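Some notes on the structure that comes next.
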Amino acid sequence: MSPELLGLIAIVAIALAFDYTNGFHDAANAIATAVSTRALTPRAALGMAALMNLAGAVVATGVAKTVGAGIIAAPQGGAGLVLVFSAVVGAITWNLVTWYFGLPSSSTHALVGGLVGAALAASTDVKWTGVLDKVVIPMVLSPLIGLGIACLLMLAILWGFRRRHPARVSRGFRKAQIASAAAMAFGHGLQDAQKTMGVIVLALVTYGSQDDFDVPLWVKLSAALAISLGTYAGGWRIMRTLGRRIIELDPPRGFAAETTAAGVLYTTAFVYQVPVSTTHTITSAIMGVGATRRLSAVRWGVARTIVTAWLLTIPAAALVAAGFYELARLVIL
């Protein structure tokens, strides 16, 4: 077995490991609000999220092609495989650090940071226009849009149900949250599993086994299975941050936040085919619905900590990936 083939196998394995960590790191994105409002038990919510992640992961490939072809130029040969491997190591490292501290940072931007950092260390071209258009602009706009729409949707719910009995309204929205949480989990699979597919396809192109960025069926299925298994493993630390520490949610606010976030994920995946952060989207939506109660109801100190993690994610993952590439270059190349 050639060193290049061994490198390709290692990349597929580490990419699926990243997908698994993405699943348990981001499990809270889909179900934290439903669990915190007691619409679902934690175990039932995780099972539902795992199934919906699996379904969402196999229905589209536009985001995968953007990640595979739109961030860096496809590297070639053994050094290129080391580059891709280093990028995923950088992303996994940042995922584990933020998971340990319970910070809902973005697996999407960790992966992008890893790709950029490893490419710079390897003197491979970074498609800065693609990074700006496909990553940075959506990174800024999607949380703002999520916050604004969630706030407006919650105001509409408050107005529309203002004459109804609060307890009856709460019971109705607790049931509706099962559907909104499922929609959010589907959107998570739709977005996040595709990013791993894009990395694996980039490795296949680098190895030379294919010359385009179409996603093979086995890549779709393996990435979908990895993220669903990771989701079922759970993300209890981050679930507590999203579900309780930002704001105490009630069922109508949980429904509004999940519905808004799911809508943003579907639009960016199907219409614009850009990778956005499920973490950023649901967190900003929770802040938006919380602000309708009163601004002081949102625990902005926790929000500032989360935003700091957002800002650090791309450079931190890039530094780890670049450092690992330099180490691997000395040992392997």
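To be explicit about the labels: the chains of the structure tokens are called A, B, and onward in the order shown, and within each one the residues are counted from 1, while ligands get numbers from 1 in the order they are shown.
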(request) Would you mind listing what lies within 8 Å of region 2-15 of chain A as number ranges by chain, with only C-alpha atoms counted and same-chain residues fewer than 3 positions away left out? (result) A: 18-19, 77-78, 81-82, 84-85, 88-89, 196, 199-200, 203-204, 207
(request) Rank A:Pro138, A:Gly189, A:Gly198, A:Pro275 by their smallest atom-to-atom distance to Met52 (chain A), using only C-alpha atoms, and report the top residue only. (result) A:Gly189
(request) Run DSSP on the backbone of this structure and report the residues of region 105-148 of chain A it assigns to alpha helix (DSSP H), as an MDAnalysis selection string. (result) chainID A and resid 107:121 128:131 137:148
(message) Between CA of Pro315 (chain A) and CA of Gly113 (chain A), what distance in Å does the model show, to one decimal?
(response)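 Value for the CA of Pro315 (chain A)-CA of Gly113 (chain A) distance: 6.1 Å.
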(message) Give me, as a list of chain:residue names, all polymer residues having an atom no more than 7 Å from region 126-130 of chain A, counting only C-alpha atoms and skipping those fewer than 4 positions away in the same chain.
(response) A:Gly70, A:Ile71, A:Ile72, A:Ala73, A:Val116, A:Ala119, A:Lys134
(request) Name the closest residue to Ile31 (chain A) among the candidates A:Ala182, A:Leu115, A:Ala317, A:Leu120; distances are taken between atoms, counting only C-alpha atoms. (result) A:Ala182
(message) Need to verify the contact set: Thr259 (chain A), 8 Å, only C-alpha atoms, exclusion of same-chain residues closer than 5 positions in sequence. Can you return it as a list in words?
(response)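 Answer for this query is Ser180, Ala181, Ala183 and Met184 of chain A.
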(request) May I have the residues within 12 Å of Asp211 (chain A) as JSON, numbers by chain, using only C-alpha atoms and disregarding those fewer than 2 positions away in the same chain? (result) {"A": [68, 69, 74, 76, 201, 202, 203, 204, 205, 206, 207, 208, 209, 213, 214, 215]}
Would you save the residues from that selection as a CSV table (one decimal), in the first residue's frame, using C-alpha atoms?
```csv
chain,number,residue,atom,x,y,z
A,68,GLY,CA,-14.2,21.4,-1.3
A,69,ALA,CA,-13.6,23.7,-4.1
A,74,ALA,CA,-6.8,21.8,-4.5
A,76,GLN,CA,-1.5,17.8,-5.1
A,201,VAL,CA,-13.8,15.0,-1.7
A,202,LEU,CA,-11.0,17.5,-1.6
A,203,ALA,CA,-8.7,14.7,-0.4
A,204,LEU,CA,-10.0,12.4,-3.2
A,205,VAL,CA,-9.2,15.1,-5.8
A,206,THR,CA,-5.7,15.7,-4.2
A,207,TYR,CA,-5.0,11.9,-4.3
A,208,GLY,CA,-6.1,11.9,-8.0
A,209,SER,CA,-9.0,9.4,-7.7
A,213,PHE,CA,-16.0,17.8,-6.7
A,214,ASP,CA,-19.1,15.7,-7.1
A,215,VAL,CA,-19.8,13.8,-3.9
```
(request) Write out as a list of chain:residue names which residues come within 7 Å of Gln191 (chain A) when counting only C-alpha atoms, dropping same-chain ones fewer than 5 positions away. (result) A:Val63, A:Leu265, A:Ala269, A:Pro275
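Distances from A:Arg293, A:His188, A:Arg162, A:Arg174 to Arg38 (chain A) were compared using only C-alpha atoms, and the smallest one belongs to A:Arg174.
Considering the residues A:Thr124, A:Thr21, A:Ser228, A:Ser222 and counting only C-alpha atoms, Gly80 (chain A) has its shortest atom-to-atom contact with A:Thr124.
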(message) Could you tell me how far CA of Ala167 (chain A) sits from CA of Phe186 (chain A), in Å to one decimal place?
(response)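 According to the coordinates, CA of Phe186 (chain A) and CA of Ala167 (chain A) are separated by 29.1 Å.
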